[in-house]
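What follows is data.cif (mmCIF, N, CA, C and O atoms).
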data_run
loop_
_atom_site.label_atom_id
_atom_site.label_comp_id
_atom_site.auth_asym_id
_atom_site.auth_seq_id
_atom_site.Cartn_x
_atom_site.Cartn_y
_atom_site.Cartn_z
N MET A 27 -44.90 -16.27 -11.10
CA MET A 27 -43.71 -16.36 -11.90
C MET A 27 -42.98 -15.02 -11.97
O MET A 27 -41.76 -14.98 -11.93
N LYS A 28 -43.74 -13.93 -12.06
CA LYS A 28 -43.12 -12.60 -12.11
C LYS A 28 -42.35 -12.31 -10.83
O LYS A 28 -41.32 -11.66 -10.86
N HIS A 29 -42.87 -12.80 -9.68
CA HIS A 29 -42.20 -12.57 -8.41
C HIS A 29 -40.85 -13.30 -8.36
O HIS A 29 -39.89 -12.78 -7.80
N ILE A 30 -40.79 -14.47 -8.93
CA ILE A 30 -39.53 -15.23 -8.94
C ILE A 30 -38.49 -14.53 -9.81
O ILE A 30 -37.34 -14.39 -9.42
N ILE A 31 -38.93 -14.08 -10.98
CA ILE A 31 -38.00 -13.38 -11.88
C ILE A 31 -37.51 -12.09 -11.22
O ILE A 31 -36.33 -11.78 -11.28
N ALA A 32 -38.40 -11.37 -10.56
CA ALA A 32 -38.00 -10.13 -9.88
C ALA A 32 -37.02 -10.43 -8.76
O ALA A 32 -36.04 -9.70 -8.56
N ALA A 33 -37.25 -11.50 -8.01
CA ALA A 33 -36.35 -11.86 -6.91
C ALA A 33 -34.96 -12.23 -7.43
O ALA A 33 -33.95 -11.85 -6.85
N VAL A 34 -34.91 -12.97 -8.54
CA VAL A 34 -33.62 -13.34 -9.13
C VAL A 34 -32.90 -12.08 -9.62
O VAL A 34 -31.71 -11.91 -9.42
N PHE A 35 -33.63 -11.16 -10.24
CA PHE A 35 -33.04 -9.91 -10.73
C PHE A 35 -32.46 -9.09 -9.58
O PHE A 35 -31.33 -8.60 -9.65
N VAL A 36 -33.22 -8.97 -8.50
CA VAL A 36 -32.75 -8.20 -7.34
C VAL A 36 -31.53 -8.88 -6.71
O VAL A 36 -30.55 -8.21 -6.37
N SER A 37 -31.55 -10.19 -6.58
CA SER A 37 -30.41 -10.92 -6.01
C SER A 37 -29.16 -10.74 -6.86
O SER A 37 -28.07 -10.50 -6.34
N THR A 38 -29.32 -10.82 -8.17
CA THR A 38 -28.19 -10.64 -9.07
C THR A 38 -27.64 -9.22 -8.96
O THR A 38 -26.43 -9.01 -8.93
N ALA A 39 -28.52 -8.24 -8.89
CA ALA A 39 -28.09 -6.84 -8.76
C ALA A 39 -27.31 -6.63 -7.46
O ALA A 39 -26.32 -5.91 -7.44
N LEU A 40 -27.77 -7.26 -6.37
CA LEU A 40 -27.07 -7.12 -5.10
C LEU A 40 -25.68 -7.73 -5.16
O LEU A 40 -24.72 -7.17 -4.61
N VAL A 41 -25.53 -8.87 -5.82
CA VAL A 41 -24.23 -9.52 -5.94
C VAL A 41 -23.27 -8.63 -6.73
O VAL A 41 -22.13 -8.40 -6.33
N PHE A 42 -23.74 -8.08 -7.86
CA PHE A 42 -22.86 -7.22 -8.66
C PHE A 42 -22.53 -5.92 -7.94
O PHE A 42 -21.42 -5.41 -8.05
N THR A 43 -23.45 -5.40 -7.16
CA THR A 43 -23.17 -4.19 -6.38
C THR A 43 -22.10 -4.48 -5.33
O THR A 43 -21.18 -3.69 -5.14
N ALA A 44 -22.18 -5.61 -4.68
CA ALA A 44 -21.18 -5.97 -3.66
C ALA A 44 -19.80 -6.17 -4.29
O ALA A 44 -18.79 -5.76 -3.73
N LEU A 45 -19.77 -6.77 -5.48
CA LEU A 45 -18.49 -6.99 -6.15
C LEU A 45 -17.85 -5.70 -6.62
O LEU A 45 -16.64 -5.59 -6.74
N ALA A 46 -18.66 -4.69 -6.89
CA ALA A 46 -18.13 -3.42 -7.39
C ALA A 46 -17.78 -2.45 -6.26
O ALA A 46 -17.28 -1.37 -6.51
N SER A 47 -17.99 -2.84 -5.02
CA SER A 47 -17.70 -1.95 -3.91
C SER A 47 -16.20 -1.79 -3.72
O SER A 47 -15.42 -2.65 -4.10
N PRO A 48 -15.75 -0.67 -3.14
CA PRO A 48 -14.32 -0.46 -2.92
C PRO A 48 -13.66 -1.55 -2.09
O PRO A 48 -12.50 -1.86 -2.30
N ALA A 49 -14.39 -2.14 -1.17
CA ALA A 49 -13.80 -3.19 -0.34
C ALA A 49 -13.38 -4.38 -1.19
O ALA A 49 -12.39 -5.04 -0.91
N ALA A 50 -14.14 -4.65 -2.25
CA ALA A 50 -13.80 -5.77 -3.11
C ALA A 50 -12.53 -5.48 -3.90
O ALA A 50 -11.86 -6.38 -4.37
N ALA A 51 -12.20 -4.21 -4.07
CA ALA A 51 -11.02 -3.83 -4.84
C ALA A 51 -9.76 -3.73 -3.97
O ALA A 51 -8.68 -3.54 -4.48
N ALA A 52 -9.89 -3.86 -2.67
CA ALA A 52 -8.75 -3.73 -1.77
C ALA A 52 -7.76 -4.87 -1.99
O ALA A 52 -8.14 -5.99 -2.29
N LEU A 53 -6.48 -4.56 -1.88
CA LEU A 53 -5.45 -5.57 -2.01
C LEU A 53 -5.32 -6.37 -0.73
O LEU A 53 -5.58 -5.87 0.36
N SER A 54 -4.87 -7.60 -0.87
CA SER A 54 -4.58 -8.40 0.32
C SER A 54 -3.38 -7.78 1.03
O SER A 54 -2.65 -6.97 0.45
N GLY A 55 -3.17 -8.17 2.25
CA GLY A 55 -2.04 -7.66 3.02
C GLY A 55 -0.70 -7.93 2.32
O GLY A 55 0.19 -7.08 2.33
N TYR A 56 -0.58 -9.08 1.69
CA TYR A 56 0.66 -9.43 0.98
C TYR A 56 0.92 -8.45 -0.16
O TYR A 56 2.01 -7.89 -0.27
N TYR A 57 -0.08 -8.23 -1.01
CA TYR A 57 0.10 -7.34 -2.16
C TYR A 57 0.23 -5.89 -1.75
O TYR A 57 0.93 -5.11 -2.40
N ASP A 58 -0.41 -5.50 -0.66
CA ASP A 58 -0.26 -4.13 -0.16
C ASP A 58 1.17 -3.92 0.34
O ASP A 58 1.78 -2.89 0.07
N SER A 59 1.72 -4.90 1.05
CA SER A 59 3.12 -4.82 1.50
C SER A 59 4.06 -4.77 0.31
O SER A 59 5.04 -4.02 0.30
N ALA A 60 3.77 -5.56 -0.71
CA ALA A 60 4.61 -5.55 -1.92
C ALA A 60 4.55 -4.18 -2.59
O ALA A 60 5.58 -3.69 -3.07
N GLU A 61 3.39 -3.54 -2.60
CA GLU A 61 3.26 -2.19 -3.16
C GLU A 61 4.11 -1.20 -2.37
O GLU A 61 4.78 -0.34 -2.94
N LYS A 62 4.10 -1.33 -1.04
CA LYS A 62 4.90 -0.44 -0.20
C LYS A 62 6.40 -0.64 -0.44
O LYS A 62 7.16 0.32 -0.59
N ILE A 63 6.83 -1.89 -0.50
CA ILE A 63 8.25 -2.18 -0.71
C ILE A 63 8.68 -1.72 -2.10
O ILE A 63 9.77 -1.16 -2.26
N ALA A 64 7.83 -1.91 -3.10
CA ALA A 64 8.15 -1.44 -4.45
C ALA A 64 8.29 0.08 -4.49
O ALA A 64 9.16 0.61 -5.18
N THR A 65 7.45 0.77 -3.74
CA THR A 65 7.54 2.23 -3.66
C THR A 65 8.89 2.64 -3.08
O THR A 65 9.54 3.56 -3.58
N ILE A 66 9.32 1.95 -2.05
CA ILE A 66 10.62 2.26 -1.42
C ILE A 66 11.76 1.97 -2.38
O ILE A 66 12.64 2.80 -2.59
N LEU A 67 11.76 0.79 -2.99
CA LEU A 67 12.86 0.40 -3.86
C LEU A 67 12.94 1.21 -5.15
O LEU A 67 14.02 1.37 -5.72
N SER A 68 11.82 1.74 -5.61
CA SER A 68 11.83 2.52 -6.85
C SER A 68 12.12 4.00 -6.63
O SER A 68 12.18 4.77 -7.58
N SER A 69 12.33 4.39 -5.39
CA SER A 69 12.57 5.79 -5.06
C SER A 69 14.04 6.18 -5.30
O SER A 69 14.95 5.61 -4.69
N SER A 70 14.25 7.18 -6.14
CA SER A 70 15.62 7.67 -6.35
C SER A 70 16.13 8.38 -5.10
O SER A 70 17.33 8.40 -4.84
N ALA A 71 15.22 8.95 -4.30
CA ALA A 71 15.63 9.61 -3.06
C ALA A 71 16.23 8.59 -2.09
O ALA A 71 17.23 8.87 -1.42
N VAL A 72 15.64 7.41 -2.02
CA VAL A 72 16.18 6.35 -1.16
C VAL A 72 17.52 5.87 -1.70
O VAL A 72 18.49 5.74 -0.95
N ALA A 73 17.59 5.64 -3.00
CA ALA A 73 18.85 5.18 -3.62
C ALA A 73 19.98 6.16 -3.35
O ALA A 73 21.10 5.76 -3.00
N ASP A 74 19.69 7.45 -3.49
CA ASP A 74 20.71 8.47 -3.25
C ASP A 74 21.08 8.56 -1.77
O ASP A 74 22.24 8.72 -1.41
N ALA A 75 20.07 8.44 -0.90
CA ALA A 75 20.33 8.55 0.54
C ALA A 75 21.22 7.43 1.06
O ALA A 75 22.02 7.64 1.97
N VAL A 76 21.09 6.23 0.48
CA VAL A 76 21.92 5.11 0.93
C VAL A 76 23.19 4.98 0.08
O VAL A 76 23.92 4.00 0.21
N GLY A 77 23.44 5.98 -0.75
CA GLY A 77 24.66 5.98 -1.55
C GLY A 77 24.72 4.89 -2.59
O GLY A 77 25.81 4.38 -2.89
N GLN A 78 23.56 4.49 -3.11
CA GLN A 78 23.47 3.44 -4.13
C GLN A 78 23.99 2.09 -3.63
O GLN A 78 24.31 1.22 -4.43
N ALA A 79 24.09 1.93 -2.31
CA ALA A 79 24.59 0.68 -1.73
C ALA A 79 23.53 -0.42 -1.84
O ALA A 79 22.33 -0.14 -1.89
N PRO A 80 23.96 -1.68 -1.86
CA PRO A 80 22.99 -2.78 -1.89
C PRO A 80 22.16 -2.80 -0.60
O PRO A 80 22.68 -2.56 0.48
N VAL A 81 20.88 -3.10 -0.75
CA VAL A 81 19.96 -3.14 0.39
C VAL A 81 20.08 -4.49 1.08
O VAL A 81 19.99 -5.54 0.45
N GLY A 82 20.28 -4.44 2.40
CA GLY A 82 20.34 -5.66 3.20
C GLY A 82 18.97 -6.10 3.67
O GLY A 82 18.64 -7.28 3.67
N SER A 83 18.14 -5.12 4.06
CA SER A 83 16.78 -5.45 4.51
C SER A 83 15.90 -4.20 4.46
O SER A 83 16.39 -3.07 4.49
N ILE A 84 14.62 -4.46 4.38
CA ILE A 84 13.59 -3.42 4.49
C ILE A 84 12.58 -3.94 5.50
O ILE A 84 12.07 -5.04 5.34
N SER A 85 12.32 -3.15 6.55
CA SER A 85 11.43 -3.59 7.62
C SER A 85 10.41 -2.53 7.95
O SER A 85 10.73 -1.35 8.01
N ASN A 86 9.18 -2.98 8.21
CA ASN A 86 8.15 -2.09 8.72
C ASN A 86 8.38 -1.96 10.21
O ASN A 86 8.40 -2.95 10.93
N THR A 87 8.61 -0.73 10.69
CA THR A 87 8.99 -0.53 12.09
C THR A 87 7.94 0.20 12.91
O THR A 87 8.18 0.47 14.08
N GLY A 88 6.78 0.52 12.31
CA GLY A 88 5.74 1.16 13.10
C GLY A 88 4.89 2.10 12.28
O GLY A 88 4.92 2.10 11.06
N THR A 89 4.13 2.92 13.01
CA THR A 89 3.24 3.88 12.39
C THR A 89 3.40 5.22 13.07
O THR A 89 3.42 5.30 14.31
N ARG A 90 3.55 6.26 12.28
CA ARG A 90 3.66 7.61 12.81
C ARG A 90 2.29 8.07 13.29
O ARG A 90 1.27 7.49 12.93
N LYS A 91 2.24 9.11 14.12
CA LYS A 91 0.98 9.59 14.69
C LYS A 91 -0.04 9.98 13.63
O LYS A 91 -1.24 9.86 13.83
N ASP A 92 0.43 10.45 12.45
CA ASP A 92 -0.49 10.84 11.39
C ASP A 92 -0.94 9.66 10.53
O ASP A 92 -1.68 9.83 9.56
N GLY A 93 -0.51 8.45 10.87
CA GLY A 93 -0.94 7.25 10.15
C GLY A 93 0.04 6.77 9.09
O GLY A 93 -0.17 5.72 8.50
N ALA A 94 1.11 7.51 8.84
CA ALA A 94 2.10 7.08 7.85
C ALA A 94 2.86 5.87 8.38
O ALA A 94 3.18 5.80 9.56
N SER A 95 3.12 4.91 7.50
CA SER A 95 3.89 3.72 7.88
C SER A 95 5.36 4.06 7.95
O SER A 95 5.89 4.70 7.05
N GLU A 96 6.02 3.62 9.01
CA GLU A 96 7.45 3.84 9.15
C GLU A 96 8.18 2.58 8.70
O GLU A 96 7.85 1.48 9.13
N TRP A 97 9.17 2.78 7.83
CA TRP A 97 9.97 1.67 7.32
C TRP A 97 11.44 1.99 7.50
O TRP A 97 11.84 3.15 7.44
N GLN A 98 12.23 0.96 7.72
CA GLN A 98 13.68 1.13 7.83
C GLN A 98 14.35 0.37 6.69
O GLN A 98 14.08 -0.81 6.47
N VAL A 99 15.21 1.09 5.96
CA VAL A 99 16.00 0.50 4.90
C VAL A 99 17.42 0.38 5.43
O VAL A 99 18.02 1.37 5.84
N ARG A 100 17.95 -0.86 5.44
CA ARG A 100 19.29 -1.09 5.99
C ARG A 100 20.24 -1.51 4.89
O ARG A 100 19.93 -2.37 4.07
N THR A 101 21.39 -0.88 4.90
CA THR A 101 22.50 -1.32 4.07
C THR A 101 23.65 -1.65 5.02
O THR A 101 23.49 -1.53 6.25
N GLN A 102 24.77 -2.02 4.50
CA GLN A 102 25.88 -2.41 5.38
C GLN A 102 26.32 -1.25 6.27
O GLN A 102 26.69 -1.46 7.42
N GLU A 103 26.27 -0.02 5.76
CA GLU A 103 26.77 1.11 6.53
C GLU A 103 25.71 2.18 6.81
O GLU A 103 26.06 3.29 7.22
N CYS A 104 24.44 1.86 6.61
CA CYS A 104 23.41 2.89 6.72
C CYS A 104 22.07 2.32 7.16
O CYS A 104 21.66 1.26 6.69
N ASP A 105 21.42 3.01 8.07
CA ASP A 105 20.03 2.73 8.43
C ASP A 105 19.23 3.98 8.09
O ASP A 105 19.45 5.04 8.67
N LEU A 106 18.31 3.86 7.14
CA LEU A 106 17.52 4.99 6.68
C LEU A 106 16.06 4.76 7.05
O LEU A 106 15.49 3.71 6.73
N THR A 107 15.45 5.74 7.71
CA THR A 107 14.03 5.67 8.04
C THR A 107 13.25 6.46 7.01
O THR A 107 13.58 7.61 6.72
N VAL A 108 12.22 5.82 6.44
CA VAL A 108 11.33 6.49 5.49
C VAL A 108 9.89 6.29 5.94
O VAL A 108 9.59 5.39 6.74
N TYR A 109 9.02 7.14 5.44
CA TYR A 109 7.59 7.06 5.77
C TYR A 109 6.79 6.94 4.49
O TYR A 109 7.09 7.60 3.49
N LEU A 110 5.76 6.11 4.53
CA LEU A 110 4.86 5.94 3.40
C LEU A 110 3.49 6.47 3.77
O LEU A 110 2.89 6.03 4.75
N ILE A 111 3.02 7.44 2.98
CA ILE A 111 1.74 8.07 3.21
C ILE A 111 0.74 7.50 2.21
O ILE A 111 0.97 7.59 1.00
N PRO A 112 -0.36 6.89 2.68
CA PRO A 112 -1.31 6.28 1.75
C PRO A 112 -2.04 7.31 0.91
O PRO A 112 -2.42 8.37 1.40
N VAL A 113 -2.22 6.99 -0.37
CA VAL A 113 -3.02 7.80 -1.30
C VAL A 113 -4.15 6.90 -1.76
O VAL A 113 -3.93 5.96 -2.54
N LEU A 114 -5.35 7.17 -1.26
CA LEU A 114 -6.51 6.33 -1.58
C LEU A 114 -7.02 6.65 -2.98
O LEU A 114 -7.01 7.81 -3.41
N PRO A 115 -7.49 5.63 -3.70
CA PRO A 115 -8.04 5.89 -5.03
C PRO A 115 -9.37 6.61 -4.93
O PRO A 115 -10.07 6.51 -3.91
N GLU A 116 -9.75 7.33 -5.98
CA GLU A 116 -11.03 8.04 -5.97
C GLU A 116 -12.19 7.09 -6.13
O GLU A 116 -13.30 7.39 -5.72
N GLY A 117 -11.98 5.98 -6.74
CA GLY A 117 -13.01 4.95 -6.92
C GLY A 117 -12.39 3.62 -6.59
O GLY A 117 -11.44 3.55 -5.83
N PRO A 118 -12.90 2.55 -7.19
CA PRO A 118 -12.28 1.24 -6.97
C PRO A 118 -10.84 1.26 -7.48
O PRO A 118 -10.54 1.87 -8.49
N GLY A 119 -9.98 0.62 -6.77
CA GLY A 119 -8.57 0.57 -7.15
C GLY A 119 -7.71 0.36 -5.94
O GLY A 119 -8.18 0.30 -4.81
N LYS A 120 -6.42 0.27 -6.19
CA LYS A 120 -5.50 0.00 -5.09
C LYS A 120 -5.01 1.31 -4.47
O LYS A 120 -4.94 2.34 -5.12
N THR A 121 -4.62 1.21 -3.23
CA THR A 121 -3.98 2.32 -2.53
C THR A 121 -2.54 2.40 -2.99
O THR A 121 -1.85 1.38 -3.08
N THR A 122 -2.09 3.60 -3.31
CA THR A 122 -0.69 3.82 -3.64
C THR A 122 -0.07 4.63 -2.51
O THR A 122 -0.77 5.05 -1.58
N TYR A 123 1.23 4.87 -2.57
CA TYR A 123 1.91 5.51 -1.45
C TYR A 123 2.87 6.58 -1.91
O TYR A 123 3.55 6.43 -2.93
N LEU A 124 2.92 7.67 -1.15
CA LEU A 124 3.93 8.71 -1.33
C LEU A 124 5.03 8.45 -0.32
O LEU A 124 4.75 8.13 0.85
N LEU A 125 6.26 8.58 -0.74
CA LEU A 125 7.39 8.33 0.15
C LEU A 125 7.94 9.64 0.70
O LEU A 125 8.07 10.62 -0.03
N GLU A 126 8.21 9.63 1.97
CA GLU A 126 8.84 10.78 2.64
C GLU A 126 10.09 10.28 3.33
O GLU A 126 10.04 9.34 4.12
N ALA A 127 11.22 10.89 2.99
CA ALA A 127 12.50 10.51 3.61
C ALA A 127 13.08 11.75 4.27
O ALA A 127 13.89 12.46 3.70
N PRO A 128 12.66 12.04 5.52
CA PRO A 128 13.02 13.29 6.15
C PRO A 128 14.47 13.42 6.61
O PRO A 128 14.98 14.52 6.75
N GLY A 129 15.13 12.32 6.83
CA GLY A 129 16.51 12.39 7.34
C GLY A 129 17.45 11.62 6.46
O GLY A 129 17.08 11.08 5.42
N GLY A 130 18.67 11.56 6.90
CA GLY A 130 19.69 10.80 6.17
C GLY A 130 19.99 9.50 6.87
O GLY A 130 19.28 9.08 7.78
N CYS A 131 21.05 8.90 6.47
CA CYS A 131 21.48 7.64 7.07
C CYS A 131 22.00 7.85 8.49
O CYS A 131 22.56 8.89 8.80
N GLU A 132 21.80 6.86 9.30
CA GLU A 132 22.31 6.87 10.68
C GLU A 132 23.47 5.92 10.77
O GLU A 132 23.54 4.92 10.15
#
Conversion result in structure tokens:
Amino acid sequence: MKHIIAAVFVSTALVFTALASPAAAALSGYYDSAEKIATILSSSAVADAVGQAPVGSISNTGTRKDGASEWQVRTQECDLTVYLIPVLPEGPGKTTYLLEAPGGCE
């Protein structure tokens, strides 16, 4: 009987350990994309760069050599390229992003 109780305890501990791992805290691709788009839309640097114009589209256009995601923000008269640099959490949690807007509108 003691062996059964010990086995159940160990199995339960393994399940809780797996649930507490960082992988379990990762966002789905949908929510991670939403986090990236929210970072872009909430940036005053982006708003100023596009002249406060209404956004027509936001597209992921690739990845820079250092791993930053490249995004293009399009308005009627402007195409702005921005980069999102991932900031990993120290423990369980979601990845957030720093925005870099090195150039102006094209």
(request) Take CA of Val99 (chain A) and CA of Leu67 (chain A) and report the distance between them in Å, one decimal. (result) 9.3 Å
(request) Give the answer as one residue: which of A:Asn86, A:Lys62, A:Ser68, A:Trp97 has the shortest atom-to-atom distance to Thr121 (chain A), using all atoms listed in the file? (result)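 Nearest to Thr121 (chain A): A:Lys62.
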Counting only C-alpha atoms, find residues at most 12 Å from (6.1, 0.1, -4.9) (file frame) and give them as a short mmCIF file (atom, residue, chain, number, x, y, z; two decimals) with N, CA, C and O atoms, keeping the file's coordinate frame.
data_model
loop_
_atom_site.label_atom_id
_atom_site.label_comp_id
_atom_site.auth_asym_id
_atom_site.auth_seq_id
_atom_site.Cartn_x
_atom_site.Cartn_y
_atom_site.Cartn_z
N TYR A 57 -0.08 -8.23 -1.01
CA TYR A 57 0.10 -7.34 -2.16
C TYR A 57 0.23 -5.89 -1.75
O TYR A 57 0.93 -5.11 -2.40
N ASP A 58 -0.41 -5.50 -0.66
CA ASP A 58 -0.26 -4.13 -0.16
C ASP A 58 1.17 -3.92 0.34
O ASP A 58 1.78 -2.89 0.07
N SER A 59 1.72 -4.90 1.05
CA SER A 59 3.12 -4.82 1.50
C SER A 59 4.06 -4.77 0.31
O SER A 59 5.04 -4.02 0.30
N ALA A 60 3.77 -5.56 -0.71
CA ALA A 60 4.61 -5.55 -1.92
C ALA A 60 4.55 -4.18 -2.59
O ALA A 60 5.58 -3.69 -3.07
N GLU A 61 3.39 -3.54 -2.60
CA GLU A 61 3.26 -2.19 -3.16
C GLU A 61 4.11 -1.20 -2.37
O GLU A 61 4.78 -0.34 -2.94
N LYS A 62 4.10 -1.33 -1.04
CA LYS A 62 4.90 -0.44 -0.20
C LYS A 62 6.40 -0.64 -0.44
O LYS A 62 7.16 0.32 -0.59
N ILE A 63 6.83 -1.89 -0.50
CA ILE A 63 8.25 -2.18 -0.71
C ILE A 63 8.68 -1.72 -2.10
O ILE A 63 9.77 -1.16 -2.26
N ALA A 64 7.83 -1.91 -3.10
CA ALA A 64 8.15 -1.44 -4.45
C ALA A 64 8.29 0.08 -4.49
O ALA A 64 9.16 0.61 -5.18
N THR A 65 7.45 0.77 -3.74
CA THR A 65 7.54 2.23 -3.66
C THR A 65 8.89 2.64 -3.08
O THR A 65 9.54 3.56 -3.58
N ILE A 66 9.32 1.95 -2.05
CA ILE A 66 10.62 2.26 -1.42
C ILE A 66 11.76 1.97 -2.38
O ILE A 66 12.64 2.80 -2.59
N LEU A 67 11.76 0.79 -2.99
CA LEU A 67 12.86 0.40 -3.86
C LEU A 67 12.94 1.21 -5.15
O LEU A 67 14.02 1.37 -5.72
N SER A 68 11.82 1.74 -5.61
CA SER A 68 11.83 2.52 -6.85
C SER A 68 12.12 4.00 -6.63
O SER A 68 12.18 4.77 -7.58
N SER A 69 12.33 4.39 -5.39
CA SER A 69 12.57 5.79 -5.06
C SER A 69 14.04 6.18 -5.30
O SER A 69 14.95 5.61 -4.69
N LEU A 110 5.76 6.11 4.53
CA LEU A 110 4.86 5.94 3.40
C LEU A 110 3.49 6.47 3.77
O LEU A 110 2.89 6.03 4.75
N PRO A 112 -0.36 6.89 2.68
CA PRO A 112 -1.31 6.28 1.75
C PRO A 112 -2.04 7.31 0.91
O PRO A 112 -2.42 8.37 1.40
N LYS A 120 -6.42 0.27 -6.19
CA LYS A 120 -5.50 0.00 -5.09
C LYS A 120 -5.01 1.31 -4.47
O LYS A 120 -4.94 2.34 -5.12
N THR A 121 -4.62 1.21 -3.23
CA THR A 121 -3.98 2.32 -2.53
C THR A 121 -2.54 2.40 -2.99
O THR A 121 -1.85 1.38 -3.08
N THR A 122 -2.09 3.60 -3.31
CA THR A 122 -0.69 3.82 -3.64
C THR A 122 -0.07 4.63 -2.51
O THR A 122 -0.77 5.05 -1.58
N TYR A 123 1.23 4.87 -2.57
CA TYR A 123 1.91 5.51 -1.45
C TYR A 123 2.87 6.58 -1.91
O TYR A 123 3.55 6.43 -2.93
N LEU A 124 2.92 7.67 -1.15
CA LEU A 124 3.93 8.71 -1.33
C LEU A 124 5.03 8.45 -0.32
O LEU A 124 4.75 8.13 0.85
N LEU A 125 6.26 8.58 -0.74
CA LEU A 125 7.39 8.33 0.15
C LEU A 125 7.94 9.64 0.70
O LEU A 125 8.07 10.62 -0.03
#
(request) Identify which of the residues A:Leu114, A:Tyr109, A:Val72, A:Gly129 lies closest to Arg90 (chain A), counting all atoms listed in the file when measuring atom-to-atom distances. (result)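 Using all atoms listed in the file, the shortest distance to Arg90 (chain A) belongs to A:Tyr109.
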(request) On this file, the PyMOL selection byres (((chain A and resi 107 and name CA) around 9) and name CA) gives some set of residues; write that set as JSON, numbers by chain. (result) {"A": [87, 96, 97, 98, 99, 100, 105, 106, 108, 109, 127, 128, 129, 130, 131, 132]}
(request) Could you tell me which of A:Ser95, A:Ser54, A:Glu103, A:Val113 comes closest to Ala75 (chain A) if we count only N, CA, C and O atoms? (result) A:Glu103
(request) Tell me, in Å to one decimal, how far atom C of Ile111 (chain A) is from CA of Asp74 (chain A). (result)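 Going from atom C of Ile111 (chain A) over to CA of Asp74 (chain A) covers 20.7 Å.
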(request) Choose the residue, out of A:Leu53, A:Ala79, A:Ala71, A:Cys104, that has the smallest atom-to-atom separation from Glu126 (chain A); count only C-alpha atoms. (result) A:Ala71
(request) Go ahead and compute the interatomic distance for CA of Thr101 (chain A) and CA of Gly82 (chain A), in Å to one decimal. (result)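 For CA of Thr101 (chain A) relative to CA of Gly82 (chain A), the distance reads 4.9 Å.
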